[in-house]
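*Asks:* File follows, final_38.pdb with PDB, C-alpha atoms and all ligand atoms:
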ATOM      1  CA  MET A 529       0.000   0.000   0.000  1.00  0.00           C
ATOM      2  CA  ARG A 530       1.486   3.335  -1.059  1.00  0.00           C
ATOM      3  CA  ARG A 531       0.961   6.081   1.523  1.00  0.00           C
ATOM      4  CA  ARG A 532       0.180   9.491   0.061  1.00  0.00           C
ATOM      5  CA  LEU A 533       2.971  12.057   0.123  1.00  0.00           C
ATOM      6  CA  VAL A 534       2.890  15.819  -0.429  1.00  0.00           C
ATOM      7  CA  ILE A 535       6.207  17.674  -0.567  1.00  0.00           C
ATOM      8  CA  GLY A 536       6.625  21.436  -0.748  1.00  0.00           C
ATOM      9  CA  ASN A 537       9.515  22.812  -2.761  1.00  0.00           C
ATOM     10  CA  TRP A 538      10.241  26.285  -1.473  1.00  0.00           C
ATOM     11  CA  LYS A 539      12.756  26.867  -4.298  1.00  0.00           C
ATOM     12  CA  MET A 540      14.891  29.969  -3.646  1.00  0.00           C
ATOM     13  CA  HIS A 541      12.302  31.654  -1.456  1.00  0.00           C
ATOM     14  CA  GLY A 542      12.260  32.489   2.214  1.00  0.00           C
ATOM     15  CA  SER A 543      13.761  34.510   5.015  1.00  0.00           C
ATOM     16  CA  LEU A 544      14.200  33.740   8.699  1.00  0.00           C
ATOM     17  CA  SER A 545      11.155  35.784   9.643  1.00  0.00           C
ATOM     18  CA  GLY A 546       8.976  34.622   6.758  1.00  0.00           C
ATOM     19  CA  ASN A 547       9.878  30.986   7.340  1.00  0.00           C
ATOM     20  CA  ALA A 548       9.088  31.276  11.035  1.00  0.00           C
ATOM     21  CA  ALA A 549       5.536  32.330  10.248  1.00  0.00           C
ATOM     22  CA  LEU A 550       5.066  29.646   7.570  1.00  0.00           C
ATOM     23  CA  LEU A 551       6.495  26.872   9.736  1.00  0.00           C
ATOM     24  CA  ALA A 552       4.367  27.894  12.722  1.00  0.00           C
ATOM     25  CA  GLN A 553       1.259  27.689  10.539  1.00  0.00           C
ATOM     26  CA  LEU A 554       2.314  24.267   9.248  1.00  0.00           C
ATOM     27  CA  ARG A 555       2.741  23.042  12.809  1.00  0.00           C
ATOM     28  CA  GLU A 556      -0.679  24.337  13.738  1.00  0.00           C
ATOM     29  CA  GLY A 557      -2.345  22.696  10.768  1.00  0.00           C
ATOM     30  CA  GLU A 558      -0.480  19.395  10.626  1.00  0.00           C
ATOM     31  CA  GLY A 559      -3.252  17.589  12.502  1.00  0.00           C
ATOM     32  CA  VAL A 560      -5.752  17.939   9.680  1.00  0.00           C
ATOM     33  CA  VAL A 561      -3.796  15.643   7.421  1.00  0.00           C
ATOM     34  CA  GLY A 562      -3.071  12.479   9.324  1.00  0.00           C
ATOM     35  CA  HIS A 563      -3.666  10.297   6.283  1.00  0.00           C
ATOM     36  CA  CYS A 564      -0.585  11.359   4.337  1.00  0.00           C
ATOM     37  CA  ASP A 565       3.080  12.240   4.724  1.00  0.00           C
ATOM     38  CA  ILE A 566       3.891  15.943   4.428  1.00  0.00           C
ATOM     39  CA  ALA A 567       7.316  17.487   3.941  1.00  0.00           C
ATOM     40  CA  VAL A 568       8.996  20.717   2.929  1.00  0.00           C
ATOM     41  CA  CYS A 569      12.255  21.063   1.010  1.00  0.00           C
ATOM     42  CA  ALA A 570      13.941  24.285   2.091  1.00  0.00           C
ATOM     43  CA  PRO A 571      17.027  26.198   0.895  1.00  0.00           C
ATOM     44  CA  PHE A 572      20.220  24.933   2.582  1.00  0.00           C
ATOM     45  CA  PRO A 573      20.746  27.923   4.929  1.00  0.00           C
ATOM     46  CA  TYR A 574      17.340  27.410   6.522  1.00  0.00           C
ATOM     47  CA  LEU A 575      17.605  23.686   7.239  1.00  0.00           C
ATOM     48  CA  ALA A 576      18.591  24.289  10.864  1.00  0.00           C
ATOM     49  CA  GLN A 577      15.621  26.601  11.341  1.00  0.00           C
ATOM     50  CA  VAL A 578      13.250  24.123   9.707  1.00  0.00           C
ATOM     51  CA  GLN A 579      14.620  21.293  11.801  1.00  0.00           C
ATOM     52  CA  GLY A 580      14.265  23.352  14.971  1.00  0.00           C
ATOM     53  CA  VAL A 581      10.606  24.096  14.351  1.00  0.00           C
ATOM     54  CA  LEU A 582       9.430  20.854  12.765  1.00  0.00           C
ATOM     55  CA  GLN A 583      11.232  18.264  14.857  1.00  0.00           C
ATOM     56  CA  SER A 584       8.733  16.141  16.762  1.00  0.00           C
ATOM     57  CA  SER A 585       6.001  17.322  14.367  1.00  0.00           C
ATOM     58  CA  ALA A 586       4.238  15.281  11.696  1.00  0.00           C
ATOM     59  CA  VAL A 587       5.881  17.387   8.978  1.00  0.00           C
ATOM     60  CA  SER A 588       9.282  16.200   7.778  1.00  0.00           C
ATOM     61  CA  TRP A 589      11.832  18.193   5.806  1.00  0.00           C
ATOM     62  CA  GLY A 590      14.544  17.942   3.226  1.00  0.00           C
ATOM     63  CA  ALA A 591      16.799  19.798   0.800  1.00  0.00           C
ATOM     64  CA  GLN A 592      16.527  20.764  -2.846  1.00  0.00           C
ATOM     65  CA  ASP A 593      19.845  19.382  -4.029  1.00  0.00           C
ATOM     66  CA  ILE A 594      22.760  17.207  -2.913  1.00  0.00           C
ATOM     67  CA  SER A 595      26.302  16.751  -4.143  1.00  0.00           C
ATOM     68  CA  ALA A 596      27.087  13.512  -5.928  1.00  0.00           C
ATOM     69  CA  HIS A 597      30.417  13.575  -4.049  1.00  0.00           C
ATOM     70  CA  THR A 598      31.395  12.762  -0.509  1.00  0.00           C
ATOM     71  CA  LEU A 599      33.330  15.361   1.528  1.00  0.00           C
ATOM     72  CA  GLY A 600      36.182  17.028  -0.346  1.00  0.00           C
ATOM     73  CA  ALA A 601      37.319  19.935  -2.483  1.00  0.00           C
ATOM     74  CA  TYR A 602      33.973  20.760  -4.111  1.00  0.00           C
ATOM     75  CA  THR A 603      33.416  24.447  -3.468  1.00  0.00           C
ATOM     76  CA  GLY A 604      29.773  25.364  -3.163  1.00  0.00           C
ATOM     77  CA  GLU A 605      28.540  21.782  -3.010  1.00  0.00           C
ATOM     78  CA  VAL A 606      26.630  20.275  -0.091  1.00  0.00           C
ATOM     79  CA  ALA A 607      27.320  16.653   0.862  1.00  0.00           C
ATOM     80  CA  GLY A 608      24.784  14.078   1.937  1.00  0.00           C
ATOM     81  CA  THR A 609      26.420  13.783   5.355  1.00  0.00           C
ATOM     82  CA  MET A 610      25.785  17.517   5.845  1.00  0.00           C
ATOM     83  CA  LEU A 611      22.103  17.083   5.034  1.00  0.00           C
ATOM     84  CA  ASP A 612      22.026  14.148   7.412  1.00  0.00           C
ATOM     85  CA  ASP A 613      23.431  16.406  10.159  1.00  0.00           C
ATOM     86  CA  PHE A 614      20.186  18.362   9.867  1.00  0.00           C
ATOM     87  CA  ALA A 615      18.066  15.183   9.849  1.00  0.00           C
ATOM     88  CA  CYS A 616      16.856  15.699   6.295  1.00  0.00           C
ATOM     89  CA  ARG A 617      14.558  12.886   5.263  1.00  0.00           C
ATOM     90  CA  TRP A 618      14.211  13.907   1.611  1.00  0.00           C
ATOM     91  CA  VAL A 619      16.231  15.554  -1.126  1.00  0.00           C
ATOM     92  CA  LEU A 620      15.088  16.630  -4.568  1.00  0.00           C
ATOM     93  CA  VAL A 621      17.344  15.464  -7.402  1.00  0.00           C
ATOM     94  CA  GLY A 622      17.006  16.371 -11.045  1.00  0.00           C
ATOM     95  CA  HIS A 623      14.477  19.166 -10.645  1.00  0.00           C
ATOM     96  CA  SER A 624      13.940  20.617 -14.112  1.00  0.00           C
ATOM     97  CA  GLU A 625      15.321  23.971 -12.963  1.00  0.00           C
ATOM     98  CA  ARG A 626      18.597  22.240 -12.102  1.00  0.00           C
ATOM     99  CA  ARG A 627      18.564  20.219 -15.297  1.00  0.00           C
ATOM    100  CA  SER A 628      18.009  23.296 -17.463  1.00  0.00           C
ATOM    101  CA  MET A 629      19.875  26.036 -15.568  1.00  0.00           C
ATOM    102  CA  HIS A 630      22.763  23.949 -14.237  1.00  0.00           C
ATOM    103  CA  ALA A 631      23.084  21.446 -17.085  1.00  0.00           C
ATOM    104  CA  GLU A 632      22.451  18.471 -14.836  1.00  0.00           C
ATOM    105  CA  GLY A 633      22.269  15.339 -16.946  1.00  0.00           C
ATOM    106  CA  ASP A 634      20.537  12.030 -16.335  1.00  0.00           C
ATOM    107  CA  GLN A 635      23.655  10.266 -15.024  1.00  0.00           C
ATOM    108  CA  LEU A 636      24.477  13.055 -12.573  1.00  0.00           C
ATOM    109  CA  VAL A 637      20.919  12.949 -11.288  1.00  0.00           C
ATOM    110  CA  ALA A 638      21.257   9.209 -10.671  1.00  0.00           C
ATOM    111  CA  ASP A 639      24.630   9.761  -8.977  1.00  0.00           C
ATOM    112  CA  LYS A 640      22.958  12.298  -6.678  1.00  0.00           C
ATOM    113  CA  ALA A 641      20.164   9.817  -5.932  1.00  0.00           C
ATOM    114  CA  SER A 642      22.813   7.251  -5.074  1.00  0.00           C
ATOM    115  CA  ALA A 643      24.641   9.737  -2.804  1.00  0.00           C
ATOM    116  CA  ALA A 644      21.387  10.402  -0.956  1.00  0.00           C
ATOM    117  CA  LEU A 645      20.645   6.711  -0.490  1.00  0.00           C
ATOM    118  CA  ALA A 646      24.178   6.189   0.826  1.00  0.00           C
ATOM    119  CA  VAL A 647      23.349   8.391   3.824  1.00  0.00           C
ATOM    120  CA  GLY A 648      19.805   7.116   4.285  1.00  0.00           C
ATOM    121  CA  ILE A 649      18.039  10.108   2.711  1.00  0.00           C
ATOM    122  CA  THR A 650      15.216   9.467   0.242  1.00  0.00           C
ATOM    123  CA  PRO A 651      15.884  11.027  -3.151  1.00  0.00           C
ATOM    124  CA  VAL A 652      12.878  12.473  -4.931  1.00  0.00           C
ATOM    125  CA  VAL A 653      13.886  11.910  -8.535  1.00  0.00           C
ATOM    126  CA  CYS A 654      12.258  14.521 -10.765  1.00  0.00           C
ATOM    127  CA  VAL A 655      11.553  13.699 -14.395  1.00  0.00           C
ATOM    128  CA  GLY A 656       9.522  15.428 -17.059  1.00  0.00           C
ATOM    129  CA  GLU A 657       9.348  16.511 -20.647  1.00  0.00           C
ATOM    130  CA  THR A 658       9.433  19.975 -22.190  1.00  0.00           C
ATOM    131  CA  LEU A 659       6.501  21.264 -24.212  1.00  0.00           C
ATOM    132  CA  GLN A 660       8.441  20.686 -27.425  1.00  0.00           C
ATOM    133  CA  GLU A 661       9.155  17.086 -26.431  1.00  0.00           C
ATOM    134  CA  ARG A 662       5.478  16.505 -25.614  1.00  0.00           C
ATOM    135  CA  GLU A 663       4.261  18.068 -28.838  1.00  0.00           C
ATOM    136  CA  SER A 664       6.624  15.924 -30.872  1.00  0.00           C
ATOM    137  CA  GLY A 665       5.309  12.762 -29.206  1.00  0.00           C
ATOM    138  CA  ARG A 666       8.476  12.026 -27.258  1.00  0.00           C
ATOM    139  CA  THR A 667       7.154  12.215 -23.682  1.00  0.00           C
ATOM    140  CA  THR A 668       7.536   8.571 -22.725  1.00  0.00           C
ATOM    141  CA  ASP A 669      10.910   8.279 -24.475  1.00  0.00           C
ATOM    142  CA  VAL A 670      12.209  11.244 -22.482  1.00  0.00           C
ATOM    143  CA  ILE A 671      10.938   9.811 -19.197  1.00  0.00           C
ATOM    144  CA  THR A 672      12.442   6.412 -19.999  1.00  0.00           C
ATOM    145  CA  ARG A 673      15.798   8.037 -20.825  1.00  0.00           C
ATOM    146  CA  GLN A 674      15.769  10.132 -17.635  1.00  0.00           C
ATOM    147  CA  LEU A 675      14.915   7.119 -15.480  1.00  0.00           C
ATOM    148  CA  ALA A 676      17.415   4.714 -17.078  1.00  0.00           C
ATOM    149  CA  PRO A 677      20.505   5.571 -14.951  1.00  0.00           C
ATOM    150  CA  VAL A 678      18.347   5.501 -11.827  1.00  0.00           C
ATOM    151  CA  MET A 679      17.011   2.076 -12.789  1.00  0.00           C
ATOM    152  CA  ALA A 680      20.623   0.985 -13.268  1.00  0.00           C
ATOM    153  CA  LEU A 681      21.175   1.527  -9.534  1.00  0.00           C
ATOM    154  CA  GLY A 682      19.234  -1.721  -9.116  1.00  0.00           C
ATOM    155  CA  ALA A 683      16.025  -2.892  -7.519  1.00  0.00           C
ATOM    156  CA  ALA A 684      17.135  -2.439  -3.902  1.00  0.00           C
ATOM    157  CA  ALA A 685      17.972   1.220  -4.533  1.00  0.00           C
ATOM    158  CA  VAL A 686      14.962   1.973  -6.694  1.00  0.00           C
ATOM    159  CA  ALA A 687      12.633   0.518  -4.061  1.00  0.00           C
ATOM    160  CA  LYS A 688      13.757   3.357  -1.761  1.00  0.00           C
ATOM    161  CA  VAL A 689      13.291   6.329  -4.104  1.00  0.00           C
ATOM    162  CA  VAL A 690      10.329   8.568  -4.794  1.00  0.00           C
ATOM    163  CA  VAL A 691       9.745   9.639  -8.400  1.00  0.00           C
ATOM    164  CA  ALA A 692       8.163  12.998  -9.213  1.00  0.00           C
ATOM    165  CA  TYR A 693       6.685  13.466 -12.672  1.00  0.00           C
ATOM    166  CA  GLU A 694       6.890  17.165 -13.409  1.00  0.00           C
ATOM    167  CA  PRO A 695       6.130  18.205 -16.975  1.00  0.00           C
ATOM    168  CA  VAL A 696       8.426  21.184 -17.528  1.00  0.00           C
ATOM    169  CA  TRP A 697       5.638  23.113 -19.260  1.00  0.00           C
ATOM    170  CA  ALA A 698       3.499  22.904 -16.132  1.00  0.00           C
ATOM    171  CA  ILE A 699       6.065  24.070 -13.564  1.00  0.00           C
ATOM    172  CA  GLY A 700       5.384  27.568 -12.286  1.00  0.00           C
ATOM    173  CA  THR A 701       3.241  28.329 -15.331  1.00  0.00           C
ATOM    174  CA  GLY A 702      -0.227  27.888 -13.894  1.00  0.00           C
ATOM    175  CA  ARG A 703      -0.793  25.321 -16.636  1.00  0.00           C
ATOM    176  CA  THR A 704      -1.444  21.931 -15.025  1.00  0.00           C
ATOM    177  CA  ALA A 705      -1.418  18.619 -16.849  1.00  0.00           C
ATOM    178  CA  THR A 706      -4.916  17.224 -16.974  1.00  0.00           C
ATOM    179  CA  PRO A 707      -5.440  14.327 -14.566  1.00  0.00           C
ATOM    180  CA  GLN A 708      -5.523  11.957 -17.546  1.00  0.00           C
ATOM    181  CA  GLN A 709      -2.323  13.370 -19.093  1.00  0.00           C
ATOM    182  CA  ALA A 710      -0.582  12.950 -15.744  1.00  0.00           C
ATOM    183  CA  GLN A 711      -2.051   9.484 -15.182  1.00  0.00           C
ATOM    184  CA  ASP A 712      -0.825   8.293 -18.589  1.00  0.00           C
ATOM    185  CA  VAL A 713       2.758   9.225 -17.744  1.00  0.00           C
ATOM    186  CA  HIS A 714       2.483   7.908 -14.190  1.00  0.00           C
ATOM    187  CA  ALA A 715       1.275   4.583 -15.571  1.00  0.00           C
ATOM    188  CA  HIS A 716       4.313   4.529 -17.861  1.00  0.00           C
ATOM    189  CA  ILE A 717       6.625   5.253 -14.908  1.00  0.00           C
ATOM    190  CA  ARG A 718       4.915   2.577 -12.811  1.00  0.00           C
ATOM    191  CA  ALA A 719       5.265   0.042 -15.621  1.00  0.00           C
ATOM    192  CA  SER A 720       8.961   0.921 -15.999  1.00  0.00           C
ATOM    193  CA  LEU A 721       9.531   0.456 -12.276  1.00  0.00           C
ATOM    194  CA  ALA A 722       7.632  -2.832 -12.368  1.00  0.00           C
ATOM    195  CA  VAL A 723      10.459  -4.318 -14.439  1.00  0.00           C
ATOM    196  CA  LEU A 724      12.497  -4.129 -11.225  1.00  0.00           C
ATOM    197  CA  ALA A 725       9.584  -5.465  -9.169  1.00  0.00           C
ATOM    198  CA  THR A 726       9.285  -2.245  -7.187  1.00  0.00           C
ATOM    199  CA  PRO A 727       5.496  -1.709  -7.112  1.00  0.00           C
ATOM    200  CA  ASP A 728       5.461   0.377  -3.933  1.00  0.00           C
ATOM    201  CA  VAL A 729       7.573   3.274  -5.199  1.00  0.00           C
ATOM    202  CA  ARG A 730       5.604   6.473  -4.781  1.00  0.00           C
ATOM    203  CA  VAL A 731       5.147   8.551  -7.911  1.00  0.00           C
ATOM    204  CA  LEU A 732       4.209  12.185  -7.291  1.00  0.00           C
ATOM    205  CA  TYR A 733       2.843  14.704  -9.749  1.00  0.00           C
ATOM    206  CA  GLY A 734       4.241  18.241  -9.841  1.00  0.00           C
ATOM    207  CA  GLY A 735       3.367  21.256 -11.924  1.00  0.00           C
ATOM    208  CA  SER A 736       1.067  24.067 -10.780  1.00  0.00           C
ATOM    209  CA  VAL A 737      -0.714  21.892  -8.215  1.00  0.00           C
ATOM    210  CA  LYS A 738      -3.197  23.937  -6.179  1.00  0.00           C
ATOM    211  CA  ALA A 739      -5.937  23.146  -3.697  1.00  0.00           C
ATOM    212  CA  SER A 740      -8.446  23.567  -6.525  1.00  0.00           C
ATOM    213  CA  ASN A 741      -6.951  20.877  -8.780  1.00  0.00           C
ATOM    214  CA  ALA A 742      -5.337  18.516  -6.248  1.00  0.00           C
ATOM    215  CA  ALA A 743      -8.328  16.236  -5.642  1.00  0.00           C
ATOM    216  CA  SER A 744      -8.844  15.462  -9.337  1.00  0.00           C
ATOM    217  CA  LEU A 745      -5.161  14.635  -9.759  1.00  0.00           C
ATOM    218  CA  PHE A 746      -5.076  12.487  -6.623  1.00  0.00           C
ATOM    219  CA  ALA A 747      -8.117  10.559  -7.842  1.00  0.00           C
ATOM    220  CA  MET A 748      -5.934   8.969 -10.508  1.00  0.00           C
ATOM    221  CA  PRO A 749      -4.781   5.435  -9.627  1.00  0.00           C
ATOM    222  CA  ASP A 750      -1.059   5.986 -10.189  1.00  0.00           C
ATOM    223  CA  ILE A 751      -0.729   9.457  -8.646  1.00  0.00           C
ATOM    224  CA  ASP A 752       0.461   9.071  -5.058  1.00  0.00           C
ATOM    225  CA  GLY A 753       0.708  12.726  -4.100  1.00  0.00           C
ATOM    226  CA  ALA A 754       2.351  15.921  -5.231  1.00  0.00           C
ATOM    227  CA  LEU A 755       5.519  17.946  -5.384  1.00  0.00           C
ATOM    228  CA  VAL A 756       4.278  21.486  -4.875  1.00  0.00           C
ATOM    229  CA  GLY A 757       6.239  24.629  -5.702  1.00  0.00           C
ATOM    230  CA  GLY A 758       4.540  28.018  -5.504  1.00  0.00           C
ATOM    231  CA  ALA A 759       1.523  26.820  -3.542  1.00  0.00           C
ATOM    232  CA  SER A 760       3.753  25.440  -0.769  1.00  0.00           C
ATOM    233  CA  LEU A 761       4.690  28.992   0.258  1.00  0.00           C
ATOM    234  CA  ALA A 762       1.218  29.595   1.693  1.00  0.00           C
ATOM    235  CA  ALA A 763       0.552  27.231   4.606  1.00  0.00           C
ATOM    236  CA  GLU A 764      -3.215  27.183   4.259  1.00  0.00           C
ATOM    237  CA  GLU A 765      -3.117  26.366   0.548  1.00  0.00           C
ATOM    238  CA  PHE A 766      -0.410  23.731   1.049  1.00  0.00           C
ATOM    239  CA  LEU A 767      -2.346  22.029   3.850  1.00  0.00           C
ATOM    240  CA  ARG A 768      -5.505  22.084   1.748  1.00  0.00           C
ATOM    241  CA  ILE A 769      -3.590  20.259  -0.989  1.00  0.00           C
ATOM    242  CA  ALA A 770      -2.461  17.673   1.558  1.00  0.00           C
ATOM    243  CA  ALA A 771      -6.000  17.379   2.911  1.00  0.00           C
ATOM    244  CA  ALA A 772      -7.176  16.581  -0.621  1.00  0.00           C
TER
HETATM  245  C1  LIG B   1       8.161  22.569  -8.498  1.00  0.00           C
HETATM  246  O1  LIG B   1       8.896  23.512  -8.242  1.00  0.00           O
HETATM  247  O2  LIG B   1       8.566  21.429  -8.355  1.00  0.00           O
HETATM  248  C2  LIG B   1       6.799  22.858  -8.958  1.00  0.00           C
HETATM  249  C3  LIG B   1       6.023  21.878  -9.296  1.00  0.00           C
HETATM  250  O3  LIG B   1       6.421  24.199  -8.999  1.00  0.00           O
HETATM  251  P1  LIG B   1       4.933  24.766  -9.159  1.00  0.00           P
HETATM  252  O4  LIG B   1       4.055  23.966  -8.228  1.00  0.00           O
HETATM  253  O5  LIG B   1       5.041  26.191  -8.752  1.00  0.00           O
HETATM  254  O6  LIG B   1       4.545  24.582 -10.578  1.00  0.00           O
END
Give the structure from this file in structure tokens form.

*Replies:*
Amino acid sequence: MRRRLVIGNWKMHGSLSGNAALLAQLREGEGVVGHCDIAVCAPFPYLAQVQGVLQSSAVSWGAQDISAHTLGAYTGEVAGTMLDDFACRWVLVGHSERRSMHAEGDQLVADKASAALAVGITPVVCVGETLQERESGRTTDVITRQLAPVMALGAAAVAKVVVAYEPVWAIGTGRTATPQQAQDVHAHIRASLAVLATPDVRVLYGGSVKASNAASLFAMPDIDGALVGGASLAAEEFLRIAAA
């Protein structure tokens, strides 16, 4: 049985004072969503703050990136052991903004997933096609290509990951995939994972998820929750998504 999961991606937003208010509201509202796991992925400098407020709450936390390397001369990188020091449970890898703005390729994304697993942190592997790739009928090929190096980590590793399907054209655009469009790709991802006999891997949808469209997306059989960007910055909206 796959337990529902809703993760907020704060992206490069926040401040100590703004986070304090948001986190306090999340703590107050956590009780309304006992049926699913909730988490927030914060910018690195705020992990200590997030940990301080959310520890012993029902809301877990994580980071938005991880180095593929262990400790060493990698200026600007953040190692898995560092994330573990702040009790991160999750880390996003391969978000489309990192793939497109930082030229992260499929193999690097898998290496980052592997680095996370090595320290007991669950990687949330983000995959998704651009509008051009969708319109030229290449969506499933792109997803298969993006997942391939992750699948090569083997069944034991893949059983521990979360996959997030995030069509690039739906991220931060207000344009959501229809529930059926999302379901079709989720079914493809689930079938790909089934080759490794990993039926319980959670597959989240991401891309302009809001309280108003969450329920119809979550009604789809292969959608196990959401990775939420913009709407995770408002506690009430984020909790309403989780409640859905
Ligand atoms: C994201 O950042 O992963 C995302 C899905 O953003 P948004 O919900 O704002 O589209």

*Asks:* What does the PyMOL selection byres (((chain A and resi 559-573) around 9) and not hetatm) select in this file, as a VMD selection string?

*Replies:* chain A and resid 531 to 542 555 to 558 574 to 578 586 to 593 606 611 616 to 620 753 760 767 to 768 770 to 772

*Asks:* Pick from A:Gln553, A:Gln711, A:Gln635, A:Thr667: nearest to Trp697 (chain A), with only C-alpha atoms counted?

*Replies:*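 Answer, going by the shortest atom-to-atom distance: A:Thr667.
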
*Asks:* Apply the PyMOL selection byres (((not hetatm)) within 9 of (chain B and resi 1)) to the structure shown and report the selected residues as a VMD selection string.

*Replies:* chain A and resid 535 to 539 620 623 to 625 654 692 694 to 704 733 to 738 754 to 760

*Asks:* Tell me which protein, DNA and RNA residues are within 6 Å of region 671-679 of chain A, counting all atoms listed in the file, leaving out same-chain ones fewer than 3 positions away, and put them as a list in words.

*Replies:*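 The residues that qualify are Asp634, Gln635, Ala638, Thr668 and Gly682 of chain A.
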
*Asks:* Name the closest residue to Thr598 (chain A) among the candidates A:Asp639, A:Asp669, A:Glu764, A:Glu632; distances are taken between atoms, counting all atoms listed in the file.

*Replies:*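 Among the listed residues, A:Asp639 lies closest to Thr598 (chain A).
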